[in-house]
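Novice: Please read through the structure below; I'll follow up with questions.
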Number of protein chains: 4
Amino acid sequence: MKKGATDESVKGVVSAAEKRGYTARPIPGGDRVSIGILYNKGSVDAGSFMGLEGVKEVIPVTKPYKLVSRELKNENTVVKVGTVLFGDGSMPVIAGPCAIESEEQALTIAEAVKKSGAAMFRGGAFKPRTSPYDFQGLGRKGLEILAKVREKTGLPVATEVMDIDNFDLVEEYADVIQIGTRNMQNFSLLKRAGKSKKPVILKRGMSAMLQEWLMAAEYIMEEGNDQVILCERGIRTFVRHSRNTLDLSVVPAVKKESHLPIIIDPSHAAGVRDQVTPLACASVAVRSDGLMVEVHHKPEEAMSDGAQSLYPDQFETLMQMVNRIHAITGSFV
Amino acid sequence: MKKGATDESVKGVVSAAEKRGYTARPIPGGDRVSIGILYNKGSVDAGSFMGLEGVKEVIPVTKPYKLVSRELKNENTVVKVGTVLFGDGSMPVIAGPCAIESEEQALTIAEAVKKSGAAMFRGGAFKPRTSPYDFQGLGRKGLEILAKVREKTGLPVATEVMDIDNFDLVEEYADVIQIGTRNMQNFSLLKRAGKSKKPVILKRGMSAMLQEWLMAAEYIMEEGNDQVILCERGIRTFVRHSRNTLDLSVVPAVKKESHLPIIIDPSHAAGVRDQVTPLACASVAVRSDGLMVEVHHKPEEAMSDGAQSLYPDQFETLMQMVNRIHAITGSFV
Amino acid sequence: MKKGATDESVKGVVSAAEKRGYTARPIPGGDRVSIGILYNKGSVDAGSFMGLEGVKEVIPVTKPYKLVSRELKNENTVVKVGTVLFGDGSMPVIAGPCAIESEEQALTIAEAVKKSGAAMFRGGAFKPRTSPYDFQGLGRKGLEILAKVREKTGLPVATEVMDIDNFDLVEEYADVIQIGTRNMQNFSLLKRAGKSKKPVILKRGMSAMLQEWLMAAEYIMEEGNDQVILCERGIRTFVRHSRNTLDLSVVPAVKKESHLPIIIDPSHAAGVRDQVTPLACASVAVRSDGLMVEVHHKPEEAMSDGAQSLYPDQFETLMQMVNRIHAITGSFV
Amino acid sequence: MKKGATDESVKGVVSAAEKRGYTARPIPGGDRVSIGILYNKGSVDAGSFMGLEGVKEVIPVTKPYKLVSRELKNENTVVKVGTVLFGDGSMPVIAGPCAIESEEQALTIAEAVKKSGAAMFRGGAFKPRTSPYDFQGLGRKGLEILAKVREKTGLPVATEVMDIDNFDLVEEYADVIQIGTRNMQNFSLLKRAGKSKKPVILKRGMSAMLQEWLMAAEYIMEEGNDQVILCERGIRTFVRHSRNTLDLSVVPAVKKESHLPIIIDPSHAAGVRDQVTPLACASVAVRSDGLMVEVHHKPEEAMSDGAQSLYPDQFETLMQMVNRIHAITGSFV
């Protein structure tokens, strides 16, 4: 409350809180009175109090999430995709091209990344593109190619779903369903993902606060799907030397707040090839639960994101570094 | 190209460009050679060249948008919603609560804002909320209330569509369909909006660059709907004294690049009531094409965004200031 | 405190607080215990408690500033520069070139802006430049030119001080001393400014929070100089269509927290000429206490910031719009 | 140039360029004419051309820095502080408290960090603090304590200089002089540092672009001091789960552009203790040239930044992890 707020205005706030079913308790201080909102289930809408007479500030204390919270469930969630585990202390790497372009392209890359030790294959069939004139993906044909890759290499496949209309189709083919950055707060899509039996990779929105990201995961879990993998992919900042700024402090921050596994996509954060391997090594060192990396055998001819795709031999080096750094950080748990 | 790039690497880039159907022309300079990509239709994917040998930087020159561009169409687009015009030099104000809560609430507010001079009524029936535990809107019931408001007050109504599944329903009731901040790059939704006969308000994403926003409008226009109103509502920055930072420089920037009208929503940018009227006045002074303002007769009991909703008498003052400032700026065109 | 924090850890925090001279009071809630720090003079360092056992979060409630605070002094401070007043409800405009280049240039511009109604002349003698190879200003010669401008036109002059070494010199010539964006947290310079008899314009740092800016003003006031004018000039964001993003919501936010006057510099925020007049109009409409605008008679030949300088006839139009908008907003106080 | 720009306006731009001593060459394209500015020494001021008739955009190509540039000097600069080397492939760690509080405090911490393998000691004698009411450091007394620490432990010492007035004094005591975040563009201080015989650690400004940071280093080198160590310490973003966002992509970006060594300060970026070790590991993995870490034996009683200071045993673990990760990444050069 403001300095010198009247008893009446204090009572007004208490009564407004009680009308909403909360318990409110005035706490006198030196200069001013504070009012605690107690015994609330879930979060309190700050806005309900901000405009009341005598109120100076409304400061939220309780976190609004439940199911994703480590307070509710202390042990780490381990998400299984086939035999691949996320969150058990291993370091699975998902690799592949940005977009599926042809069967030959997909198989060539899949075999290369498998040989280097990738645990899973990725590739887009439906591509969210800033421009309507850019390549939008092969659609169903792309999904069929993914199925062939899985069949021939044994690698589980990850691919993105862009809308509810194609959800059934993507769900049929994918081993893990990816929800992209631009859809992190597409709440209808999140609810649909919550009804899926397949695990979900939930990418962080480009300007999402930690709490908003965890609430998006809460949408999925609330509908019954607890197999959620968070994926940091860079945030939008003033910086221009990389496409986005990879926020690695979010890894310890997520682990403190939530039991869900978190993986890192250094390729989209970097936007340029020569930052990908250093950032991948850093992502392992900060103790994330996995990586997602773009690889292309002919990046200069790629139909999207060629500039950030590693050549297969660069990926081979990355895997060696990643595995050795992971062995060290693992030994310090 | 890098300093000392070989003739061979220059030829490599030229040939890569030609493979993609472009014309490439080397331009020798003092220290280094530049290569211009010419006669391209639409934008060139910078990524295609970034990794090639000898390449130092790729700098896009052509803008990727066409239909939204003022280069293509010089005169301002005027969007009509009933008799209300956006883009003709008038200053229509859309006002109403964040969410439709009841018929009584909606009608009370609608009559108040109409009396003060609002041109259109707004209210959410489907609400995108960060938390799955927050009020999600009345859905179809909310749309029916909007129809009654229109019938009784004569005001056209604006309301948000959240997904493709509800698009037909929202389209049936709304006079203008709003696509929210979090859906600015929900490309499936944009394409569906492009097939609508109703005008669309396209809110700017919280961290959208001008070009991304215009490209989102391009998605709608590409499908055949040219009745698009852009709406600035604040961007995400490091600032904490307002919920978002209202970016008013985007108004002259949009008008330079595009022929589409642009309106401002100061309520969501501010997040607190006492910044709304000053920012609304500023929005008019910067020559936007309209305003969208949240008003509630009992904001302390509002089911969402109460803290930023004006009381009806505050809105009355806002309208007086807005109309008088608009009269002045209009006289300087 | 965390859920299930032991009584012992609660006592530990209370005792840590008392060691630092505070009064600490545990406040039991539904799920967890909170501990209020009361009767503190000035701000409490959150860091002192963050690492203690059982502590989940530390949330500051008291504001750290005193002298700049409206709680301490409710009426607006009016800063006088000659006969020009900032903070009394008038709308003084400071205009001139980015840098003083010659006597002829300065006088030509000064006479033009005076004719249009500018209240004060501005021009840099010492220029902070990103590159050591860029024009650094005329130094003492520039100050002497400023003195001539004042003598011939009667306009008070504003100019920037870059370091303590030149402070005496700048102080001798300037009617109001400007501390630039990059020096907002140059605490030695702030303290020196606090000992000056001349009023100070304190520009906001490019990424300064409101509280940091007010604390910078507190440094000046603490040393005895209460003639401080705050100046918003745009903040650094991800946006690229303007050089910086003008944060107009800071005007009502400053006025709520502080009694100091606040003016706006739309020229540096915009970085391009065609956004300056719209942003200037918006700055008046949002009820700032003055403007600072760059004007040059030959901007294409200017030695710095030519692209954002208005031509004299554009400034003439700006002044007409500004005065008429100010007349309106003033009538609504 | 704009579409349909006249020959006359093209000639106008060419002539404006030539007036400034550049060579300008029109390059006709499909839709529009571009004009290249060639044979320029140093950067071209974009502003000089932006306002000319017919000009649509000005795109800088040449980088404005020279001495810091890898184009000028290809091999890495190795900075020597006593026997400690930065930039030679080793991983020196600078550790110590935020502020020197007493001889006992400094010696206790110095001996602890030395035992764990720190190469250098850090501690502030002059502290830049947001609030004038916070502890400002012991001044000269602090420097004398640093000298004792060096004498007793043999560790070289790093400490911050805040202004020109104290430069001689700090220079006398420090083995390496630190220029803080808030002073990155205090150009007078940079010039003074350029005249020093001591090496300089130049921290990145909280919202500095890569180019601005390198230009700040250029100021120091231009005056004759080429012993500059860059230090990344987190940038200001919208994020609230850490104090600042550590930008690790800047490490490969700096190494591409410049020959100068770059170290990382994870403590100030994190702002909370439990993120420091993970971020330190990541900083090594991304191939930086050193670390700067805050350590305090009684952080809960520290006079500043206690919350982010590691306990000595945590620092011991950090050193073990850091050394083992560095051994791996080193083996892949």
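To be explicit about the labels: the chains of the structure tokens are called A, B, and onward in the order shown, and within each one the residues are counted from 1, while ligands get numbers from 1 in the order they are shown.
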List as CSV every residue of chain A that is in contact with chain D, defined as an atom at most 10 Å from one of its atoms (using only C-alpha atoms), together with the nearest atom pair and the distance in Å rounded to one decimal, sorted by chain and then rising number.

Specialist:
```
residue,atom,partner,partner_atom,distance
A:Ser207,CA,D:Phe238,CA,7.6
A:Ala208,CA,D:Val239,CA,8.3
A:Met209,CA,D:Val239,CA,6.1
A:Leu210,CA,D:His241,CA,7.0
A:Gln211,CA,D:His241,CA,9.1
A:Ile235,CA,D:Thr237,CA,8.9
A:Arg236,CA,D:Thr237,CA,8.4
A:Thr237,CA,D:Thr237,CA,6.2
A:Phe238,CA,D:Ser207,CA,7.6
A:Val239,CA,D:Met209,CA,6.1
A:Arg240,CA,D:Met209,CA,7.3
A:His241,CA,D:Ala253,CA,6.5
A:Ser242,CA,D:Ser249,CA,6.7
A:Arg243,CA,D:Ser249,CA,9.8
A:Asn244,CA,D:Ser249,CA,9.1
A:Thr245,CA,D:Asp247,CA,6.3
A:Leu246,CA,D:Asp247,CA,6.9
A:Asp247,CA,D:Thr245,CA,6.3
A:Leu248,CA,D:Leu279,CA,7.3
A:Ser249,CA,D:Gln275,CA,6.4
A:Val250,CA,D:His241,CA,7.2
A:Val251,CA,D:Gln275,CA,8.7
A:Pro252,CA,D:Gln275,CA,6.0
A:Ala253,CA,D:His241,CA,6.5
A:Val254,CA,D:His241,CA,9.1
A:Lys256,CA,D:Asp274,CA,9.3
A:Pro266,CA,D:Ser249,CA,9.6
A:Ala269,CA,D:Ser249,CA,8.7
A:Ala270,CA,D:Ser249,CA,7.1
A:Asp274,CA,D:Pro252,CA,7.5
A:Gln275,CA,D:Pro252,CA,6.0
A:Val276,CA,D:Ser249,CA,8.8
A:Thr277,CA,D:Val286,CA,8.2
A:Pro278,CA,D:Val286,CA,4.5
A:Leu279,CA,D:Val286,CA,6.0
A:Ala280,CA,D:Val286,CA,8.2
A:Cys281,CA,D:Ala285,CA,5.3
A:Ala282,CA,D:Ala282,CA,3.9
A:Ser283,CA,D:Ala282,CA,6.6
A:Val284,CA,D:Ala282,CA,7.5
A:Ala285,CA,D:Ala282,CA,4.9
A:Val286,CA,D:Pro278,CA,4.5
A:Arg287,CA,D:Pro278,CA,7.0
A:Ser288,CA,D:Pro278,CA,9.8
A:Thr317,CA,D:Phe332,CA,8.4
A:Leu318,CA,D:Phe332,CA,9.9
A:Gln320,CA,D:Phe332,CA,9.3
A:Met321,CA,D:Thr329,CA,7.0
A:Val322,CA,D:Ala285,CA,9.5
A:Arg324,CA,D:Ile328,CA,7.1
A:Ile325,CA,D:Ile325,CA,6.1
A:His326,CA,D:Ile325,CA,9.2
A:Ala327,CA,D:Ile325,CA,9.7
A:Ile328,CA,D:Ile325,CA,7.0
A:Thr329,CA,D:Met321,CA,7.0
A:Ser331,CA,D:Met321,CA,9.4
A:Phe332,CA,D:Met321,CA,7.7
```

Novice: So that I can check the secondary structure, give me every residue of range 154-262 of chain A assigned strand (DSSP E or B) by backbone DSSP, as a PyMOL selection string.

Specialist: chain A and resi 157-160+176-179+200-203+228-232+235+245+258+262

Novice: Could those residues be written to a file, using N, CA and C atoms, as a PDB file, in the first residue's frame?

Specialist:
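Here's the written file result-v8.pdb:
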```
ATOM      1  N   VAL A 157      12.321 -40.798 -35.218  1.00  0.00           N
ATOM      2  CA  VAL A 157      12.304 -39.523 -35.946  1.00  0.00           C
ATOM      3  C   VAL A 157      11.488 -38.452 -35.216  1.00  0.00           C
ATOM      4  N   ALA A 158      12.003 -37.228 -35.316  1.00  0.00           N
ATOM      5  CA  ALA A 158      11.329 -36.052 -34.738  1.00  0.00           C
ATOM      6  C   ALA A 158      10.932 -35.126 -35.874  1.00  0.00           C
ATOM      7  N   THR A 159       9.703 -34.619 -35.823  1.00  0.00           N
ATOM      8  CA  THR A 159       9.294 -33.661 -36.858  1.00  0.00           C
ATOM      9  C   THR A 159       8.248 -32.718 -36.292  1.00  0.00           C
ATOM     10  N   GLU A 160       8.124 -31.563 -36.938  1.00  0.00           N
ATOM     11  CA  GLU A 160       7.286 -30.495 -36.384  1.00  0.00           C
ATOM     12  C   GLU A 160       5.845 -30.580 -36.863  1.00  0.00           C
ATOM     13  N   VAL A 176       8.530 -38.469 -31.973  1.00  0.00           N
ATOM     14  CA  VAL A 176       8.372 -37.362 -31.037  1.00  0.00           C
ATOM     15  C   VAL A 176       7.923 -36.159 -31.863  1.00  0.00           C
ATOM     16  N   ILE A 177       6.942 -35.448 -31.339  1.00  0.00           N
ATOM     17  CA  ILE A 177       6.317 -34.352 -32.081  1.00  0.00           C
ATOM     18  C   ILE A 177       6.903 -33.036 -31.608  1.00  0.00           C
ATOM     19  N   GLN A 178       7.358 -32.226 -32.555  1.00  0.00           N
ATOM     20  CA  GLN A 178       7.952 -30.944 -32.171  1.00  0.00           C
ATOM     21  C   GLN A 178       6.955 -29.813 -32.328  1.00  0.00           C
ATOM     22  N   ILE A 179       6.858 -28.965 -31.299  1.00  0.00           N
ATOM     23  CA  ILE A 179       6.083 -27.730 -31.406  1.00  0.00           C
ATOM     24  C   ILE A 179       7.083 -26.593 -31.490  1.00  0.00           C
ATOM     25  N   VAL A 200       6.451 -34.957 -26.685  1.00  0.00           N
ATOM     26  CA  VAL A 200       6.432 -33.655 -27.352  1.00  0.00           C
ATOM     27  C   VAL A 200       7.721 -32.893 -27.022  1.00  0.00           C
ATOM     28  N   ILE A 201       8.336 -32.323 -28.046  1.00  0.00           N
ATOM     29  CA  ILE A 201       9.422 -31.356 -27.841  1.00  0.00           C
ATOM     30  C   ILE A 201       8.813 -29.968 -27.940  1.00  0.00           C
ATOM     31  N   LEU A 202       8.907 -29.200 -26.860  1.00  0.00           N
ATOM     32  CA  LEU A 202       8.299 -27.868 -26.843  1.00  0.00           C
ATOM     33  C   LEU A 202       9.401 -26.823 -26.907  1.00  0.00           C
ATOM     34  N   LYS A 203       9.555 -26.192 -28.070  1.00  0.00           N
ATOM     35  CA  LYS A 203      10.591 -25.172 -28.212  1.00  0.00           C
ATOM     36  C   LYS A 203      10.166 -23.891 -27.499  1.00  0.00           C
ATOM     37  N   VAL A 228       6.996 -34.445 -21.884  1.00  0.00           N
ATOM     38  CA  VAL A 228       7.346 -33.164 -22.504  1.00  0.00           C
ATOM     39  C   VAL A 228       8.846 -32.913 -22.359  1.00  0.00           C
ATOM     40  N   ILE A 229       9.498 -32.597 -23.474  1.00  0.00           N
ATOM     41  CA  ILE A 229      10.912 -32.205 -23.487  1.00  0.00           C
ATOM     42  C   ILE A 229      10.972 -30.728 -23.851  1.00  0.00           C
ATOM     43  N   LEU A 230      11.571 -29.920 -23.012  1.00  0.00           N
ATOM     44  CA  LEU A 230      11.737 -28.500 -23.323  1.00  0.00           C
ATOM     45  C   LEU A 230      12.950 -28.329 -24.228  1.00  0.00           C
ATOM     46  N   CYS A 231      12.912 -27.359 -25.130  1.00  0.00           N
ATOM     47  CA  CYS A 231      14.061 -27.128 -26.030  1.00  0.00           C
ATOM     48  C   CYS A 231      14.360 -25.635 -26.170  1.00  0.00           C
ATOM     49  N   GLU A 232      15.512 -25.230 -25.630  1.00  0.00           N
ATOM     50  CA  GLU A 232      15.985 -23.840 -25.774  1.00  0.00           C
ATOM     51  C   GLU A 232      16.624 -23.684 -27.147  1.00  0.00           C
ATOM     52  N   ILE A 235      17.060 -16.712 -27.896  1.00  0.00           N
ATOM     53  CA  ILE A 235      16.052 -15.675 -27.687  1.00  0.00           C
ATOM     54  C   ILE A 235      16.400 -14.457 -28.522  1.00  0.00           C
ATOM     55  N   THR A 245      20.190 -15.183 -29.455  1.00  0.00           N
ATOM     56  CA  THR A 245      21.165 -15.340 -28.381  1.00  0.00           C
ATOM     57  C   THR A 245      20.802 -16.589 -27.577  1.00  0.00           C
ATOM     58  N   SER A 258      11.644 -27.024 -12.416  1.00  0.00           N
ATOM     59  CA  SER A 258      10.843 -28.090 -13.032  1.00  0.00           C
ATOM     60  C   SER A 258      11.597 -29.410 -13.085  1.00  0.00           C
ATOM     61  N   ILE A 262      15.451 -30.821 -20.444  1.00  0.00           N
ATOM     62  CA  ILE A 262      15.646 -29.686 -21.353  1.00  0.00           C
ATOM     63  C   ILE A 262      16.821 -29.965 -22.286  1.00  0.00           C
TER      64      ILE A 262
END
```

Novice: As an exercise, work out the distance from CA of Pro92 in chain B to CA of Gly137 in chain B in Å and give it to one decimal place.

Specialist: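 CA of Gly137 in chain B lies 25.8 Å from CA of Pro92 in chain B.
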
Novice: Quote the spacing between CA of Ile37 in chain D and CA of Lys2 in chain D in Å to one decimal place.

Specialist: 16.9 Å

Novice: Considering only C-alpha atoms, can you say which of A:Met215, A:Gln227, A:Ser131, A:Phe315 comes closest to Asp45 in chain B?

Specialist: A:Ser131

Novice: From the DSSP assignment of the backbone, select every residue of range 144-214 of chain A that is alpha helix (DSSP H), and format the answer as JSON, numbers by chain.

Specialist: {"A": [144, 145, 146, 147, 148, 149, 150, 151, 152, 153, 167, 168, 169, 170, 171, 172, 173, 187, 188, 189, 190, 191, 192, 193, 194, 210, 211, 212, 213, 214]}

Novice: Could you pull the residues within 10 Å of range 4-19 of chain D, counting only C-alpha atoms, minus those fewer than 2 positions along the same chain, as an mmCIF file with C-alpha atoms, in the first residue's frame?

Specialist:
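As written to disk, around_24.cif reads:
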```
data_model
loop_
_atom_site.group_PDB
_atom_site.id
_atom_site.type_symbol
_atom_site.label_atom_id
_atom_site.label_comp_id
_atom_site.auth_asym_id
_atom_site.auth_seq_id
_atom_site.Cartn_x
_atom_site.Cartn_y
_atom_site.Cartn_z
ATOM 1 C CA GLU C 300 23.941 16.106 -45.969
ATOM 2 C CA GLU C 301 27.221 17.828 -45.061
ATOM 3 C CA MET D 1 18.410 4.008 -54.694
ATOM 4 C CA LYS D 2 14.617 3.950 -54.905
ATOM 5 C CA GLY D 21 36.740 12.060 -50.726
ATOM 6 C CA TYR D 22 35.256 8.698 -51.645
ATOM 7 C CA THR D 23 34.965 6.944 -54.954
ATOM 8 C CA ALA D 24 31.359 6.159 -55.855
ATOM 9 C CA ARG D 25 30.310 3.710 -58.523
ATOM 10 C CA PRO D 26 26.683 3.257 -59.703
ATOM 11 C CA ASP D 31 14.640 -2.843 -60.596
ATOM 12 C CA ARG D 32 16.903 -0.202 -59.188
ATOM 13 C CA VAL D 33 20.380 1.269 -59.162
ATOM 14 C CA SER D 34 22.821 0.642 -56.308
ATOM 15 C CA ILE D 35 25.803 2.910 -55.641
ATOM 16 C CA GLY D 36 28.971 1.414 -54.160
ATOM 17 C CA ILE D 37 31.282 3.573 -52.061
ATOM 18 C CA LEU D 38 34.801 2.299 -52.725
ATOM 19 C CA VAL D 44 31.668 5.585 -44.188
ATOM 20 C CA SER D 48 25.729 11.344 -44.861
ATOM 21 C CA PHE D 49 23.748 9.676 -47.604
ATOM 22 C CA MET D 50 20.523 8.605 -45.978
ATOM 23 C CA LEU D 52 19.714 12.500 -50.151
ATOM 24 C CA GLU D 53 17.108 12.514 -52.881
ATOM 25 C CA GLY D 54 16.327 9.138 -54.362
ATOM 26 C CA VAL D 55 18.214 7.198 -51.678
ATOM 27 C CA LYS D 56 16.282 4.198 -50.328
#
```
